[in-house]
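Listing of query_28.cif, mmCIF, C-alpha atoms
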```cif
data_my_file
#
loop_
_atom_site.label_atom_id
_atom_site.label_comp_id
_atom_site.auth_asym_id
_atom_site.auth_seq_id
_atom_site.Cartn_x
_atom_site.Cartn_y
_atom_site.Cartn_z
CA MET K 1 3.85 -37.06 3.16
CA SER K 2 1.25 -34.63 4.47
CA LYS K 3 0.08 -31.84 2.21
CA LYS K 4 1.45 -28.42 3.07
CA LYS K 5 -1.08 -26.06 4.55
CA LYS K 6 -1.91 -23.00 2.49
CA HIS K 7 -3.00 -19.58 3.63
CA TYR K 8 -5.46 -17.52 1.63
CA VAL K 9 -5.49 -13.74 1.35
CA VAL K 10 -8.71 -11.94 0.47
CA TRP K 11 -8.19 -8.31 -0.49
CA LYS K 12 -11.67 -7.80 -1.89
CA GLY K 13 -14.57 -9.89 -0.62
CA LYS K 14 -17.33 -10.04 1.96
CA LYS K 15 -14.69 -9.87 4.68
CA PRO K 16 -11.07 -9.16 3.65
CA GLY K 17 -8.46 -11.00 5.66
CA ILE K 18 -6.25 -14.08 5.88
CA TYR K 19 -7.88 -17.52 5.90
CA GLU K 20 -6.42 -20.93 6.71
CA SER K 21 -8.78 -23.02 4.58
CA TRP K 22 -10.12 -22.83 1.05
CA ASP K 23 -13.69 -23.29 2.34
CA ASP K 24 -13.39 -20.17 4.53
CA CYS K 25 -11.79 -18.23 1.69
CA LYS K 26 -14.49 -19.35 -0.73
CA ALA K 27 -17.19 -18.23 1.68
CA ALA K 28 -15.51 -14.82 1.94
CA ILE K 29 -15.49 -14.24 -1.83
CA SER K 30 -18.65 -16.07 -2.92
CA GLY K 31 -20.98 -13.80 -4.87
CA ILE K 32 -18.51 -10.90 -4.94
CA LYS K 33 -17.91 -9.59 -8.45
CA GLY K 34 -14.21 -9.00 -9.10
CA ALA K 35 -13.14 -10.64 -5.84
CA GLU K 36 -9.40 -10.37 -5.19
CA TYR K 37 -7.74 -13.34 -3.50
CA LYS K 38 -4.68 -15.59 -3.68
CA SER K 39 -3.10 -18.51 -1.82
CA PHE K 40 0.36 -18.49 -0.20
CA LEU K 41 2.61 -21.20 1.18
CA THR K 42 3.25 -19.60 4.58
CA PHE K 43 1.42 -17.29 6.96
CA GLU K 44 4.29 -14.77 6.81
CA MET K 45 3.98 -14.55 3.02
CA ALA K 46 0.21 -14.14 3.34
CA LYS K 47 0.63 -11.46 6.01
CA LYS K 48 3.02 -9.44 3.85
CA ALA K 49 0.73 -9.82 0.84
CA TYR K 50 -2.34 -8.70 2.76
CA ASN K 51 -0.46 -5.57 3.80
CA GLY K 52 0.29 -4.87 0.14
CA ASN K 53 -1.87 -4.63 -2.92
CA TYR K 54 -3.51 -7.33 -5.00
CA GLU K 55 -1.96 -5.95 -8.19
CA ASP K 56 1.52 -6.64 -6.79
CA TYR K 57 0.73 -10.37 -6.54
CA LYS K 58 -1.79 -10.91 -9.33
CA GLY K 59 -0.54 -13.48 -11.83
CA LYS K 60 2.56 -14.42 -9.82
CA LYS K 61 3.33 -17.98 -8.83
CA LYS K 62 3.12 -18.87 -5.15
CA GLY K 63 6.25 -17.74 -3.38
CA GLU K 64 7.64 -15.96 -6.43
CA SER K 65 7.89 -12.72 -4.50
CA GLU K 66 10.12 -14.28 -1.85
CA LEU K 67 13.73 -13.14 -2.11
CA LEU K 68 16.73 -15.43 -1.91
CA PRO K 69 19.59 -14.57 0.50
CA ALA K 70 21.83 -13.40 -2.36
CA GLU K 71 19.11 -11.04 -3.54
CA LEU K 72 18.71 -9.64 -0.04
CA LEU K 73 22.42 -8.78 0.04
CA LYS K 74 22.17 -6.93 -3.27
CA ILE K 75 19.35 -4.76 -1.97
CA GLY K 76 21.37 -3.51 0.99
CA GLN K 77 19.93 -1.25 3.71
CA PRO K 78 17.26 1.47 3.46
CA ASN K 79 18.27 5.08 2.90
CA TYR K 80 17.40 6.67 6.24
CA HIS K 81 17.56 10.18 4.78
CA SER K 82 13.95 9.65 3.86
CA ILE K 83 10.34 9.58 4.93
CA SER K 84 8.05 6.56 4.67
CA VAL K 85 4.34 6.65 3.89
CA ASP K 86 1.58 4.09 4.26
CA ALA K 87 -2.19 3.73 4.48
CA ALA K 88 -4.61 1.44 6.27
CA SER K 89 -8.17 0.56 5.26
CA SER K 90 -10.65 -1.48 7.29
CA GLY K 91 -12.35 -3.14 4.34
CA ASN K 92 -12.20 -2.31 0.66
CA PRO K 93 -13.81 0.17 0.66
CA GLY K 94 -13.81 0.96 4.35
CA VAL K 95 -12.58 3.42 6.96
CA MET K 96 -9.19 4.62 5.72
CA GLU K 97 -6.32 6.75 6.99
CA TYR K 98 -2.74 7.46 5.94
CA GLN K 99 0.46 8.81 7.44
CA GLY K 100 4.05 9.77 6.80
CA VAL K 101 6.89 9.13 9.25
CA ASP K 102 10.62 9.63 9.58
CA THR K 103 12.06 6.36 8.28
CA LYS K 104 14.70 6.02 11.00
CA THR K 105 12.88 7.27 14.11
CA LYS K 106 9.29 6.46 13.01
CA LYS K 107 8.26 9.91 14.26
CA THR K 108 4.94 10.91 12.70
CA LEU K 109 5.37 13.82 10.28
CA PHE K 110 1.79 13.98 9.02
CA LYS K 111 -1.39 11.98 9.34
CA GLN K 112 -4.84 12.27 7.75
CA GLY K 113 -8.12 10.53 8.46
CA PRO K 114 -9.94 8.49 9.27
CA PHE K 115 -12.11 8.91 6.19
CA GLY K 116 -15.48 7.18 6.31
CA GLN K 117 -15.15 5.40 2.99
CA GLY K 118 -11.92 4.85 1.09
CA THR K 119 -9.50 2.21 -0.14
CA ASN K 120 -5.92 1.35 0.68
CA ASN K 121 -4.76 2.35 -2.81
CA ILE K 122 -6.34 5.79 -2.50
CA GLY K 123 -4.68 6.25 0.87
CA GLU K 124 -1.29 5.21 -0.51
CA PHE K 125 -1.67 7.67 -3.40
CA LEU K 126 -2.65 10.56 -1.13
CA ALA K 127 0.17 9.73 1.28
CA ILE K 128 2.79 9.98 -1.48
CA VAL K 129 1.42 13.29 -2.78
CA HIS K 130 1.22 14.65 0.76
CA GLY K 131 4.82 13.56 1.25
CA LEU K 132 5.92 15.30 -1.95
CA ALA K 133 4.23 18.56 -0.90
CA PHE K 134 5.62 18.21 2.65
CA LEU K 135 9.21 17.85 1.42
CA LYS K 136 8.94 20.54 -1.26
CA GLU K 137 7.59 23.06 1.24
CA ARG K 138 10.61 22.40 3.46
CA LYS K 139 13.06 22.36 0.53
CA SER K 140 14.17 18.91 1.70
CA ASP K 141 16.26 16.52 -0.40
CA ARG K 142 14.96 13.42 1.37
CA ILE K 143 13.42 10.56 -0.62
CA ILE K 144 10.02 8.93 -0.13
CA TYR K 145 9.50 5.23 0.52
CA THR K 146 6.20 3.50 -0.26
CA ASP K 147 5.29 -0.18 -0.44
CA SER K 148 2.63 0.37 -3.13
CA ARG K 149 3.57 0.00 -6.79
CA THR K 150 -0.02 0.87 -7.68
CA ALA K 151 0.18 4.24 -5.93
CA MET K 152 3.58 4.94 -7.50
CA SER K 153 2.02 4.35 -10.92
CA TRP K 154 -0.90 6.66 -10.17
CA VAL K 155 1.46 9.42 -9.04
CA ARG K 156 3.52 9.07 -12.23
CA LYS K 157 0.32 9.41 -14.27
CA LYS K 158 -0.90 12.28 -12.04
CA LYS K 159 -4.22 10.46 -11.72
CA CYS K 160 -5.86 8.50 -8.91
CA ASN K 161 -7.19 5.65 -11.01
CA THR K 162 -9.56 4.26 -8.39
CA LYS K 163 -12.69 2.27 -9.23
CA LEU K 164 -14.45 3.67 -6.17
CA THR K 165 -17.30 5.96 -7.20
CA GLU K 166 -17.96 9.31 -5.57
CA ASN K 167 -20.99 9.62 -3.30
CA LYS K 168 -22.18 11.69 -0.34
CA LYS K 169 -20.32 9.51 2.13
CA ASN K 170 -16.90 9.94 0.50
CA LYS K 171 -17.25 13.39 -1.08
CA GLY K 172 -14.67 14.88 1.29
CA LEU K 173 -12.16 12.21 0.29
CA PHE K 174 -12.76 12.82 -3.41
CA ASP K 175 -12.27 16.56 -2.87
CA LEU K 176 -8.86 15.68 -1.40
CA ILE K 177 -8.10 13.40 -4.36
CA LYS K 178 -8.83 16.26 -6.78
CA ARG K 179 -6.56 18.57 -4.77
CA ALA K 180 -3.78 15.98 -4.92
CA GLU K 181 -4.16 15.50 -8.68
CA ASN K 182 -4.12 19.28 -9.22
CA TRP K 183 -0.97 19.57 -7.08
CA LEU K 184 0.78 16.98 -9.25
CA LYS K 185 -0.22 18.80 -12.43
CA LYS K 186 0.85 22.23 -11.19
CA ASN K 187 4.05 21.38 -9.32
CA GLN K 188 7.43 20.06 -10.35
CA TYR K 189 9.46 17.99 -7.91
CA SER K 190 12.75 16.10 -7.90
CA THR K 191 11.98 13.87 -4.91
CA PRO K 192 12.67 10.19 -5.73
CA ILE K 193 9.76 7.88 -4.89
CA VAL K 194 11.26 4.50 -4.02
CA LYS K 195 9.66 1.09 -3.47
CA TRP K 196 10.16 -0.14 0.10
CA GLU K 197 11.64 -3.67 0.00
CA THR K 198 9.38 -5.37 2.51
CA LYS K 199 10.84 -8.83 1.92
CA ALA K 200 14.32 -7.57 2.82
CA TRP K 201 13.60 -4.90 5.45
CA GLY K 202 10.32 -5.93 7.07
CA GLU K 203 7.23 -3.77 7.28
CA ILE K 204 7.54 -0.18 6.16
CA PRO K 205 8.10 2.15 9.17
CA ALA K 206 4.82 3.97 8.45
CA ASP K 207 2.85 0.71 8.75
CA PHE K 208 -0.21 0.95 11.01
CA GLY K 209 0.43 -2.51 12.48
CA ARG K 210 -3.05 -3.92 11.92
CA LYS K 211 -2.17 -7.38 10.61
#
```
Produce structure tokens that represent the structure in this file.
Amino acid sequence: MSKKKKHYVVWKGKKPGIYESWDDCKAAISGIKGAEYKSFLTFEMAKKAYNGNYEDYKGKKKGESELLPAELLKIGQPNYHSISVDAASSGNPGVMEYQGVDTKTKKTLFKQGPFGQGTNNIGEFLAIVHGLAFLKERKSDRIIYTDSRTAMSWVRKKKCNTKLTENKKNKGLFDLIKRAENWLKKNQYSTPIVKWETKAWGEIPADFGRK
């Protein structure tokens, strides 16, 4: 019986992406301190993982995040009385932008960037906070969907816990991060922030489609 082909996701390396061989993956992470990578059984699993965050897959067994049909039924359908947010980063760090859209129509409600140097996690964090301020200003009772558990955790803690260091190139982005953190500390909100179930519903509507 032939050995099943694996696909390798590199979130942090010389060139983040999806690789079809261990040799290519190894070349992409060689010499990179704290490289973030993982193998998956199918390209679809790898594609979904690459769109997410390393922390969501770190320590999990291959395929563990795949949902069984019975689990899909329990999840049900998305709540379309909502907005969805997402970010995209070309590299980690790299050029980053984020946006918020109407979950049902995918109409863009807000969009920021591109920023010259940022990370996907920072973008996801800023997108959620922007969404919270957007809905509060309009006195809306909609919920917010995000596919980033990391960003959800940062929002709960009111702190963007990025490892990226501030410099001249990203000063504008860090000014925005400080504004977002201050907004969280000074404002109360009742908007539920809900994890988008990518395995059940497909890519989040705010996805930039750069797989």
Pick from K:Ala151, K:Leu126, K:Ala87, K:Trp11 nearest to Asn182 in chain K, counting all atoms listed in the file = K:Leu126
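Comparing the minimum interatomic distances between Asp86 in chain K and each of K:Ala127, K:Ala49, K:Met152, K:Ile193, counting only C-alpha atoms, we find that K:Ala127 sits nearest.
For the residues K:Ile18, K:Ile177, K:Ile204, K:Ala28, ranking by smallest atom-to-atom distance to Gly123 in chain K using only C-alpha atoms places K:Ile177 first.
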key: Option closest in space to Gln117 in chain K, from K:Ile83, K:Ala46, K:Leu173, K:Val129 [counting all atoms listed in the file]   =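 Closest candidate: K:Leu173.
Rounded to one decimal, CA of Leu164 in chain K and CA of Lys185 in chain K lie 21.7 Å from each other.
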request  = Excluding Tyr189 in chain K and residues on its chain fewer than 6 positions from it, collect all residues at most 9 Å away from it, counting all atoms listed in the file, and give them as a PyMOL selection string.
outcome  = chain K and resi 132-133+136
task = Using only C-alpha atoms, determine which residues lie at most 8 Å from Lys6 in chain K, disregarding the query and same-chain residues fewer than 3 positions distant; provide the list as a PyMOL selection string.
result = chain K and resi 20-21+39-43
Evaluate the PyMOL selection byres ((chain K and resi 156) around 12) and report residues as an NGL selection string = :K and (125 or 128-129 or 149-155 or 157-161 or 181 or 184-185 or 188-189 or 192-193)
remark   = Computed gap from CA of Thr191 in chain K to CA of Ser140 in chain K is 8.6 Å
message = Nearest residue to Gly94 in chain K out of K:Lys139, K:Glu44, K:Lys163, K:Pro16, using all atoms listed in the file?
response =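 Of the candidates, the smallest distance to Gly94 in chain K is held by K:Pro16.
Taking CA of Lys5 in chain K and CA of Lys48 in chain K as endpoints, the distance between them is 17.1 Å.
Among K:Phe115, K:Phe110, K:Tyr80, K:Phe134, the residue with the shortest atom-to-atom distance to Val95 in chain K, counting all atoms listed in the file, is K:Phe115.
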ask   = Which residues, written as a list in words, have at least one atom at most 10 Å from Asn51 in chain K, with only C-alpha atoms counted and residues fewer than 6 positions away on the same chain left out?
value =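 Contacts, with the query itself left out: Val9, Trp11, Gly17, Asp86, Ala87, Ala88, Ser89, Asn120, Asp147, Ser148, Thr198, Glu203, Ile204, Asp207, Phe208, Gly209, Arg210 and Lys211 of chain K.
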inquiry  = If the PyMOL selection byres ((chain K and resi 103) around 7) were run on this exact file, what residues would it hold? Put them as an MDAnalysis selection string.
reply    = chainID K and resid 80 82:84 101:102 104:106 205
Please, could N, CA, C and O atoms be added to range 182-194 of chain K and the result written as a PDB file, in the frame of the given file?
```pdb
ATOM      1  N   ASN K 182      -4.451  17.921  -8.770  1.00  0.00           N
ATOM      2  CA  ASN K 182      -4.120  19.280  -9.220  1.00  0.00           C
ATOM      3  C   ASN K 182      -2.712  19.670  -8.783  1.00  0.00           C
ATOM      4  O   ASN K 182      -1.984  20.335  -9.522  1.00  0.00           O
ATOM      5  N   TRP K 183      -2.327  19.259  -7.560  1.00  0.00           N
ATOM      6  CA  TRP K 183      -0.970  19.570  -7.080  1.00  0.00           C
ATOM      7  C   TRP K 183       0.062  18.923  -7.995  1.00  0.00           C
ATOM      8  O   TRP K 183       1.061  19.562  -8.363  1.00  0.00           O
ATOM      9  N   LEU K 184      -0.161  17.681  -8.373  1.00  0.00           N
ATOM     10  CA  LEU K 184       0.780  16.980  -9.250  1.00  0.00           C
ATOM     11  C   LEU K 184       0.896  17.656 -10.615  1.00  0.00           C
ATOM     12  O   LEU K 184       1.975  17.696 -11.211  1.00  0.00           O
ATOM     13  N   LYS K 185      -0.216  18.173 -11.111  1.00  0.00           N
ATOM     14  CA  LYS K 185      -0.220  18.800 -12.430  1.00  0.00           C
ATOM     15  C   LYS K 185       0.433  20.182 -12.415  1.00  0.00           C
ATOM     16  O   LYS K 185       1.018  20.608 -13.416  1.00  0.00           O
ATOM     17  N   LYS K 186       0.362  20.859 -11.262  1.00  0.00           N
ATOM     18  CA  LYS K 186       0.850  22.230 -11.190  1.00  0.00           C
ATOM     19  C   LYS K 186       2.255  22.364 -10.614  1.00  0.00           C
ATOM     20  O   LYS K 186       2.864  23.421 -10.706  1.00  0.00           O
ATOM     21  N   ASN K 187       2.762  21.292  -9.998  1.00  0.00           N
ATOM     22  CA  ASN K 187       4.050  21.380  -9.320  1.00  0.00           C
ATOM     23  C   ASN K 187       5.089  20.435  -9.921  1.00  0.00           C
ATOM     24  O   ASN K 187       4.768  19.315 -10.334  1.00  0.00           O
ATOM     25  N   GLN K 188       6.311  20.900  -9.964  1.00  0.00           N
ATOM     26  CA  GLN K 188       7.430  20.060 -10.350  1.00  0.00           C
ATOM     27  C   GLN K 188       8.185  19.656  -9.082  1.00  0.00           C
ATOM     28  O   GLN K 188       8.251  20.433  -8.132  1.00  0.00           O
ATOM     29  N   TYR K 189       8.716  18.464  -9.080  1.00  0.00           N
ATOM     30  CA  TYR K 189       9.460  17.990  -7.910  1.00  0.00           C
ATOM     31  C   TYR K 189      10.571  17.052  -8.380  1.00  0.00           C
ATOM     32  O   TYR K 189      10.485  16.435  -9.440  1.00  0.00           O
ATOM     33  N   SER K 190      11.615  16.984  -7.576  1.00  0.00           N
ATOM     34  CA  SER K 190      12.750  16.100  -7.900  1.00  0.00           C
ATOM     35  C   SER K 190      12.885  14.976  -6.878  1.00  0.00           C
ATOM     36  O   SER K 190      13.839  14.204  -6.929  1.00  0.00           O
ATOM     37  N   THR K 191      11.935  14.881  -5.968  1.00  0.00           N
ATOM     38  CA  THR K 191      11.980  13.870  -4.910  1.00  0.00           C
ATOM     39  C   THR K 191      11.843  12.459  -5.490  1.00  0.00           C
ATOM     40  O   THR K 191      10.832  12.156  -6.122  1.00  0.00           O
ATOM     41  N   PRO K 192      12.812  11.570  -5.272  1.00  0.00           N
ATOM     42  CA  PRO K 192      12.670  10.190  -5.730  1.00  0.00           C
ATOM     43  C   PRO K 192      11.616   9.458  -4.894  1.00  0.00           C
ATOM     44  O   PRO K 192      11.588   9.582  -3.668  1.00  0.00           O
ATOM     45  N   ILE K 193      10.737   8.723  -5.565  1.00  0.00           N
ATOM     46  CA  ILE K 193       9.760   7.880  -4.890  1.00  0.00           C
ATOM     47  C   ILE K 193      10.227   6.443  -5.069  1.00  0.00           C
ATOM     48  O   ILE K 193      10.294   5.938  -6.191  1.00  0.00           O
ATOM     49  N   VAL K 194      10.572   5.789  -3.971  1.00  0.00           N
ATOM     50  CA  VAL K 194      11.260   4.500  -4.020  1.00  0.00           C
ATOM     51  C   VAL K 194      10.405   3.404  -3.381  1.00  0.00           C
ATOM     52  O   VAL K 194       9.773   3.615  -2.340  1.00  0.00           O
TER      53      VAL K 194
END
```
